[in-house]
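Shown below: final_28.pdb, with PDB, N, CA and C atoms.
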```
MODEL        1
ATOM      1  N   MET A  19     -23.730   0.839 -23.178
ATOM      2  CA  MET A  19     -23.022  -0.391 -22.916
ATOM      3  C   MET A  19     -21.598  -0.099 -22.432
ATOM      4  N   ALA A  20     -20.963   0.912 -23.001
ATOM      5  CA  ALA A  20     -19.594   1.259 -22.608
ATOM      6  C   ALA A  20     -19.541   1.720 -21.154
ATOM      7  N   ALA A  21     -20.626   2.287 -20.658
ATOM      8  CA  ALA A  21     -20.653   2.785 -19.287
ATOM      9  C   ALA A  21     -20.576   1.648 -18.271
ATOM     10  N   LYS A  22     -20.908   0.439 -18.662
ATOM     11  CA  LYS A  22     -20.888  -0.693 -17.748
ATOM     12  C   LYS A  22     -19.488  -1.277 -17.571
ATOM     13  N   LYS A  23     -18.566  -0.943 -18.472
ATOM     14  CA  LYS A  23     -17.223  -1.490 -18.387
ATOM     15  C   LYS A  23     -16.477  -0.870 -17.209
ATOM     16  N   LYS A  24     -15.722  -1.700 -16.525
ATOM     17  CA  LYS A  24     -14.898  -1.207 -15.425
ATOM     18  C   LYS A  24     -13.572  -0.724 -15.975
ATOM     19  N   ALA A  25     -13.004   0.245 -15.291
ATOM     20  CA  ALA A  25     -11.694   0.750 -15.712
ATOM     21  C   ALA A  25     -10.663  -0.356 -15.589
ATOM     22  N   ALA A  26      -9.755  -0.423 -16.527
ATOM     23  CA  ALA A  26      -8.722  -1.460 -16.525
ATOM     24  C   ALA A  26      -7.863  -1.333 -15.287
ATOM     25  N   GLY A  27      -7.637  -2.456 -14.617
ATOM     26  CA  GLY A  27      -6.769  -2.465 -13.446
ATOM     27  C   GLY A  27      -7.455  -2.096 -12.150
ATOM     28  N   LYS A  28      -8.691  -1.698 -12.186
ATOM     29  CA  LYS A  28      -9.417  -1.330 -10.967
ATOM     30  C   LYS A  28     -10.152  -2.541 -10.428
ATOM     31  N   LYS A  29     -10.153  -2.665  -9.104
ATOM     32  CA  LYS A  29     -10.878  -3.761  -8.468
ATOM     33  C   LYS A  29     -12.108  -3.199  -7.773
ATOM     34  N   SER A  30     -13.184  -3.926  -7.802
ATOM     35  CA  SER A  30     -14.378  -3.500  -7.102
ATOM     36  C   SER A  30     -14.317  -3.987  -5.667
ATOM     37  N   GLY A  31     -15.223  -3.504  -4.855
ATOM     38  CA  GLY A  31     -15.282  -3.960  -3.477
ATOM     39  C   GLY A  31     -14.582  -3.019  -2.508
ATOM     40  N   GLY A  32     -14.199  -1.831  -2.949
ATOM     41  CA  GLY A  32     -13.622  -0.853  -2.062
ATOM     42  C   GLY A  32     -12.188  -1.138  -1.637
ATOM     43  N   LYS A  33     -11.503  -2.005  -2.330
ATOM     44  CA  LYS A  33     -10.121  -2.306  -1.982
ATOM     45  C   LYS A  33      -9.239  -1.127  -2.347
ATOM     46  N   ARG A  34      -8.187  -0.949  -1.558
ATOM     47  CA  ARG A  34      -7.228   0.115  -1.835
ATOM     48  C   ARG A  34      -6.363  -0.254  -3.025
ATOM     49  N   GLU A  35      -5.798   0.776  -3.610
ATOM     50  CA  GLU A  35      -4.838   0.567  -4.696
ATOM     51  C   GLU A  35      -3.556  -0.012  -4.102
ATOM     52  N   MET A  36      -2.898  -0.895  -4.844
ATOM     53  CA  MET A  36      -1.661  -1.516  -4.381
ATOM     54  C   MET A  36      -0.569  -0.455  -4.293
ATOM     55  N   LEU A  37       0.093  -0.366  -3.139
ATOM     56  CA  LEU A  37       1.117   0.648  -2.913
ATOM     57  C   LEU A  37       2.532   0.090  -2.954
ATOM     58  N   VAL A  38       2.654  -1.206  -3.113
ATOM     59  CA  VAL A  38       3.980  -1.829  -3.114
ATOM     60  C   VAL A  38       4.212  -2.548  -4.437
ATOM     61  N   VAL A  39       5.474  -2.743  -4.753
ATOM     62  CA  VAL A  39       5.837  -3.493  -5.963
ATOM     63  C   VAL A  39       5.911  -4.963  -5.567
ATOM     64  N   GLY A  40       4.948  -5.723  -6.039
ATOM     65  CA  GLY A  40       4.816  -7.121  -5.657
ATOM     66  C   GLY A  40       6.060  -7.946  -5.894
ATOM     67  N   SER A  41       6.687  -7.760  -7.048
ATOM     68  CA  SER A  41       7.868  -8.560  -7.366
ATOM     69  C   SER A  41       9.015  -8.267  -6.401
ATOM     70  N   LYS A  42       9.119  -7.028  -5.952
ATOM     71  CA  LYS A  42      10.189  -6.663  -5.021
ATOM     72  C   LYS A  42       9.930  -7.233  -3.629
ATOM     73  N   VAL A  43       8.673  -7.219  -3.205
ATOM     74  CA  VAL A  43       8.320  -7.800  -1.913
ATOM     75  C   VAL A  43       8.605  -9.300  -1.937
ATOM     76  N   LYS A  44       8.152  -9.965  -2.992
ATOM     77  CA  LYS A  44       8.374 -11.404  -3.118
ATOM     78  C   LYS A  44       9.862 -11.734  -3.198
ATOM     79  N   GLU A  45      10.617 -10.902  -3.894
ATOM     80  CA  GLU A  45      12.062 -11.102  -4.007
ATOM     81  C   GLU A  45      12.725 -11.044  -2.628
ATOM     82  N   LEU A  46      12.312 -10.087  -1.806
ATOM     83  CA  LEU A  46      12.875  -9.965  -0.454
ATOM     84  C   LEU A  46      12.498 -11.172   0.403
ATOM     85  N   VAL A  47      11.248 -11.605   0.302
ATOM     86  CA  VAL A  47      10.803 -12.774   1.065
ATOM     87  C   VAL A  47      11.603 -14.002   0.637
ATOM     88  N   ARG A  48      11.748 -14.190  -0.665
ATOM     89  CA  ARG A  48      12.496 -15.348  -1.184
ATOM     90  C   ARG A  48      13.965 -15.300  -0.792
ATOM     91  N   SER A  49      14.523 -14.087  -0.684
ATOM     92  CA  SER A  49      15.938 -13.960  -0.294
ATOM     93  C   SER A  49      16.164 -14.445   1.128
ATOM     94  N   LYS A  50      15.092 -14.539   1.903
ATOM     95  CA  LYS A  50      15.159 -15.054   3.271
ATOM     96  C   LYS A  50      14.890 -16.548   3.319
ATOM     97  N   GLY A  51      14.733 -17.165   2.131
ATOM     98  CA  GLY A  51      14.469 -18.593   2.046
ATOM     99  C   GLY A  51      13.035 -18.959   2.367
ATOM    100  N   LEU A  52      12.122 -18.008   2.187
ATOM    101  CA  LEU A  52      10.716 -18.218   2.521
ATOM    102  C   LEU A  52       9.841 -18.091   1.286
ATOM    103  N   MET A  53       8.569 -18.441   1.450
ATOM    104  CA  MET A  53       7.595 -18.287   0.382
ATOM    105  C   MET A  53       6.572 -17.238   0.816
ATOM    106  N   ALA A  54       5.970 -16.572  -0.174
ATOM    107  CA  ALA A  54       4.973 -15.543   0.094
ATOM    108  C   ALA A  54       3.572 -16.091  -0.167
ATOM    109  N   ALA A  55       2.694 -15.942   0.815
ATOM    110  CA  ALA A  55       1.297 -16.346   0.654
ATOM    111  C   ALA A  55       0.628 -15.409  -0.351
ATOM    112  N   GLY A  56      -0.444 -15.869  -0.937
ATOM    113  CA  GLY A  56      -1.144 -15.093  -1.950
ATOM    114  C   GLY A  56      -1.666 -13.761  -1.467
ATOM    115  N   ASP A  57      -2.022 -13.665  -0.199
ATOM    116  CA  ASP A  57      -2.578 -12.426   0.329
ATOM    117  C   ASP A  57      -1.542 -11.551   1.046
ATOM    118  N   LEU A  58      -0.262 -11.916   0.973
ATOM    119  CA  LEU A  58       0.784 -11.147   1.644
ATOM    120  C   LEU A  58       0.916  -9.738   1.072
ATOM    121  N   LEU A  59       0.893  -9.612  -0.245
ATOM    122  CA  LEU A  59       1.094  -8.306  -0.865
ATOM    123  C   LEU A  59       0.033  -7.304  -0.448
ATOM    124  N   GLU A  60      -1.204  -7.747  -0.389
ATOM    125  CA  GLU A  60      -2.285  -6.858   0.036
ATOM    126  C   GLU A  60      -2.084  -6.424   1.490
ATOM    127  N   ALA A  61      -1.645  -7.350   2.338
ATOM    128  CA  ALA A  61      -1.407  -7.028   3.744
ATOM    129  C   ALA A  61      -0.260  -6.030   3.894
ATOM    130  N   VAL A  62       0.814  -6.217   3.137
ATOM    131  CA  VAL A  62       1.952  -5.285   3.185
ATOM    132  C   VAL A  62       1.499  -3.909   2.706
ATOM    133  N   SER A  63       0.752  -3.872   1.628
ATOM    134  CA  SER A  63       0.255  -2.601   1.097
ATOM    135  C   SER A  63      -0.636  -1.898   2.116
ATOM    136  N   ASN A  64      -1.489  -2.647   2.802
ATOM    137  CA  ASN A  64      -2.356  -2.058   3.823
ATOM    138  C   ASN A  64      -1.549  -1.515   4.995
ATOM    139  N   CYS A  65      -0.464  -2.202   5.366
ATOM    140  CA  CYS A  65       0.416  -1.710   6.432
ATOM    141  C   CYS A  65       1.071  -0.402   6.023
ATOM    142  N   VAL A  66       1.522  -0.332   4.794
ATOM    143  CA  VAL A  66       2.147   0.902   4.289
ATOM    144  C   VAL A  66       1.122   2.037   4.304
ATOM    145  N   ALA A  67      -0.080   1.766   3.842
ATOM    146  CA  ALA A  67      -1.131   2.790   3.836
ATOM    147  C   ALA A  67      -1.427   3.274   5.258
ATOM    148  N   GLY A  68      -1.467   2.347   6.207
ATOM    149  CA  GLY A  68      -1.700   2.715   7.605
ATOM    150  C   GLY A  68      -0.585   3.588   8.157
ATOM    151  N   MET A  69       0.653   3.270   7.808
ATOM    152  CA  MET A  69       1.792   4.079   8.249
ATOM    153  C   MET A  69       1.693   5.502   7.698
ATOM    154  N   ILE A  70       1.305   5.617   6.443
ATOM    155  CA  ILE A  70       1.187   6.933   5.822
ATOM    156  C   ILE A  70       0.042   7.721   6.448
ATOM    157  N   GLU A  71      -1.070   7.045   6.744
ATOM    158  CA  GLU A  71      -2.205   7.715   7.398
ATOM    159  C   GLU A  71      -1.795   8.281   8.750
ATOM    160  N   LYS A  72      -1.090   7.475   9.554
ATOM    161  CA  LYS A  72      -0.634   7.933  10.869
ATOM    162  C   LYS A  72       0.367   9.074  10.738
ATOM    163  N   ALA A  73       1.260   8.966   9.761
ATOM    164  CA  ALA A  73       2.241  10.023   9.536
ATOM    165  C   ALA A  73       1.547  11.322   9.122
ATOM    166  N   ALA A  74       0.504  11.208   8.316
ATOM    167  CA  ALA A  74      -0.248  12.388   7.884
ATOM    168  C   ALA A  74      -0.896  13.085   9.082
ATOM    169  N   GLU A  75      -1.403  12.297  10.021
ATOM    170  CA  GLU A  75      -1.987  12.875  11.238
ATOM    171  C   GLU A  75      -0.928  13.622  12.037
ATOM    172  N   ARG A  76       0.262  13.047  12.122
ATOM    173  CA  ARG A  76       1.358  13.686  12.860
ATOM    174  C   ARG A  76       1.760  15.005  12.189
ATOM    175  N   VAL A  77       1.897  14.973  10.870
ATOM    176  CA  VAL A  77       2.272  16.177  10.125
ATOM    177  C   VAL A  77       1.240  17.277  10.338
ATOM    178  N   THR A  78      -0.034  16.912  10.217
ATOM    179  CA  THR A  78      -1.114  17.873  10.390
ATOM    180  C   THR A  78      -1.131  18.426  11.818
ATOM    181  N   ALA A  79      -0.952  17.555  12.795
ATOM    182  CA  ALA A  79      -0.945  17.982  14.201
ATOM    183  C   ALA A  79       0.201  18.945  14.483
ATOM    184  N   ASN A  80       1.306  18.782  13.773
ATOM    185  CA  ASN A  80       2.464  19.658  13.950
ATOM    186  C   ASN A  80       2.414  20.872  13.021
ATOM    187  N   LYS A  81       1.284  21.061  12.378
ATOM    188  CA  LYS A  81       1.045  22.203  11.489
ATOM    189  C   LYS A  81       2.120  22.334  10.408
ATOM    190  N   ARG A  82       2.433  21.170   9.811
ATOM    191  CA  ARG A  82       3.374  21.127   8.704
ATOM    192  C   ARG A  82       2.662  20.605   7.475
ATOM    193  N   SER A  83       3.283  20.786   6.327
ATOM    194  CA  SER A  83       2.702  20.249   5.094
ATOM    195  C   SER A  83       3.658  19.287   4.392
ATOM    196  N   THR A  84       4.813  19.048   5.001
ATOM    197  CA  THR A  84       5.781  18.138   4.408
ATOM    198  C   THR A  84       5.972  16.924   5.310
ATOM    199  N   MET A  85       5.733  15.744   4.732
ATOM    200  CA  MET A  85       5.939  14.510   5.486
ATOM    201  C   MET A  85       7.414  14.133   5.404
ATOM    202  N   ARG A  86       7.995  13.811   6.540
ATOM    203  CA  ARG A  86       9.414  13.475   6.626
ATOM    204  C   ARG A  86       9.561  12.064   7.152
ATOM    205  N   PRO A  87      10.739  11.458   6.947
ATOM    206  CA  PRO A  87      10.939  10.074   7.405
ATOM    207  C   PRO A  87      10.635   9.872   8.894
ATOM    208  N   HIS A  88      10.951  10.851   9.724
ATOM    209  CA  HIS A  88      10.699  10.666  11.150
ATOM    210  C   HIS A  88       9.215  10.678  11.507
ATOM    211  N   ASP A  89       8.363  11.083  10.578
ATOM    212  CA  ASP A  89       6.917  11.041  10.806
ATOM    213  C   ASP A  89       6.387   9.605  10.743
ATOM    214  N   LEU A  90       7.139   8.737  10.104
ATOM    215  CA  LEU A  90       6.720   7.338  10.006
ATOM    216  C   LEU A  90       6.946   6.627  11.324
TER     217      LEU A  90
ENDMDL
END
```

Translate the structure of the given file into structure tokens.
Amino acid sequence: MAAKKKAAGKKSGGKREMLVVGSKVKELVRSKGLMAAGDLLEAVSNCVAGMIEKAAERVTANKRSTMRPHDL
């Protein structure tokens, strides 16, 4: 029975782990006098993940093992 329990905090459906701090993203949006849609955080996190994936390709192509800000 214990094997059927899902790990706490994990979502099913193949979704990525959240890479951004939701409260900080919402705080920045609110500081602009705007509201954040419910799915905004997931979209921002996916954009960040995409940036890191592209940067990783650049690092690998340049035969380096350290990702630097200019790789983004």

Please evaluate the PyMOL selection byres ((chain A and resi 32-45) around 7) against the structure above and give the resulting residues as an mmCIF file with N, CA and C atoms, in the coordinates of the input.
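Result went into selection-v8.cif, see below:
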```
data_model
loop_
_atom_site.group_PDB
_atom_site.id
_atom_site.type_symbol
_atom_site.label_atom_id
_atom_site.label_comp_id
_atom_site.auth_asym_id
_atom_site.auth_seq_id
_atom_site.Cartn_x
_atom_site.Cartn_y
_atom_site.Cartn_z
ATOM 1 N N LYS A 29 -10.153 -2.665 -9.104
ATOM 2 C CA LYS A 29 -10.878 -3.761 -8.468
ATOM 3 C C LYS A 29 -12.108 -3.199 -7.773
ATOM 4 N N SER A 30 -13.184 -3.926 -7.802
ATOM 5 C CA SER A 30 -14.378 -3.500 -7.102
ATOM 6 C C SER A 30 -14.317 -3.987 -5.667
ATOM 7 N N GLY A 31 -15.223 -3.504 -4.855
ATOM 8 C CA GLY A 31 -15.282 -3.960 -3.477
ATOM 9 C C GLY A 31 -14.582 -3.019 -2.508
ATOM 10 N N LEU A 46 12.312 -10.087 -1.806
ATOM 11 C CA LEU A 46 12.875 -9.965 -0.454
ATOM 12 C C LEU A 46 12.498 -11.172 0.403
ATOM 13 N N VAL A 47 11.248 -11.605 0.302
ATOM 14 C CA VAL A 47 10.803 -12.774 1.065
ATOM 15 C C VAL A 47 11.603 -14.002 0.637
ATOM 16 N N ARG A 48 11.748 -14.190 -0.665
ATOM 17 C CA ARG A 48 12.496 -15.348 -1.184
ATOM 18 C C ARG A 48 13.965 -15.300 -0.792
ATOM 19 N N SER A 49 14.523 -14.087 -0.684
ATOM 20 C CA SER A 49 15.938 -13.960 -0.294
ATOM 21 C C SER A 49 16.164 -14.445 1.128
ATOM 22 N N LYS A 50 15.092 -14.539 1.903
ATOM 23 C CA LYS A 50 15.159 -15.054 3.271
ATOM 24 C C LYS A 50 14.890 -16.548 3.319
ATOM 25 N N ALA A 54 5.970 -16.572 -0.174
ATOM 26 C CA ALA A 54 4.973 -15.543 0.094
ATOM 27 C C ALA A 54 3.572 -16.091 -0.167
ATOM 28 N N LEU A 59 0.893 -9.612 -0.245
ATOM 29 C CA LEU A 59 1.094 -8.306 -0.865
ATOM 30 C C LEU A 59 0.033 -7.304 -0.448
ATOM 31 N N GLU A 60 -1.204 -7.747 -0.389
ATOM 32 C CA GLU A 60 -2.285 -6.858 0.036
ATOM 33 C C GLU A 60 -2.084 -6.424 1.490
ATOM 34 N N VAL A 62 0.814 -6.217 3.137
ATOM 35 C CA VAL A 62 1.952 -5.285 3.185
ATOM 36 C C VAL A 62 1.499 -3.909 2.706
ATOM 37 N N SER A 63 0.752 -3.872 1.628
ATOM 38 C CA SER A 63 0.255 -2.601 1.097
ATOM 39 C C SER A 63 -0.636 -1.898 2.116
ATOM 40 N N ASN A 64 -1.489 -2.647 2.802
ATOM 41 C CA ASN A 64 -2.356 -2.058 3.823
ATOM 42 C C ASN A 64 -1.549 -1.515 4.995
ATOM 43 N N ALA A 67 -0.080 1.766 3.842
ATOM 44 C CA ALA A 67 -1.131 2.790 3.836
ATOM 45 C C ALA A 67 -1.427 3.274 5.258
#
```

So the first atom is CA of His88 in chain A and the second is atom N of Ala73 in chain A; what is the distance between them in Å, to one decimal place?
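For CA of His88 in chain A relative to atom N of Ala73 in chain A, the distance reads 9.7 Å.
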
Just give me the gap between CA of Ile70 in chain A and CA of Asp57 in chain A in Å, one decimal is fine.
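It comes out at 20.5 Å.
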
Within 8 Å of (4.2, 14.3, 6.0) (file coordinates; all atoms listed in the file), which protein or nucleic acid residues are there? I'd like them as a PyMOL selection string.
chain A and resi 70+73-78+82-87+89-90

Sel. of helix (DSSP H, G or I) residues, chain A, as a ChimeraX atom specification
/A:20-22,40-49,58-79,87-89

Report, as AutoDock Vina command-line options, the axis-aligned box around all atoms of range 42-56 of chain A present in the file, extended by 5 Å on each side; give centre and edge lengths in Å to one decimal place.
```
--center_x 7.2 --center_y -12.8 --center_z -1.3 --size_x 27.8 --size_y 22.3 --size_z 19.3
```

Quote the spacing between CA of Met69 in chain A and CA of Ala55 in chain A in Å to one decimal place.
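Interatomic distance here is 21.8 Å.
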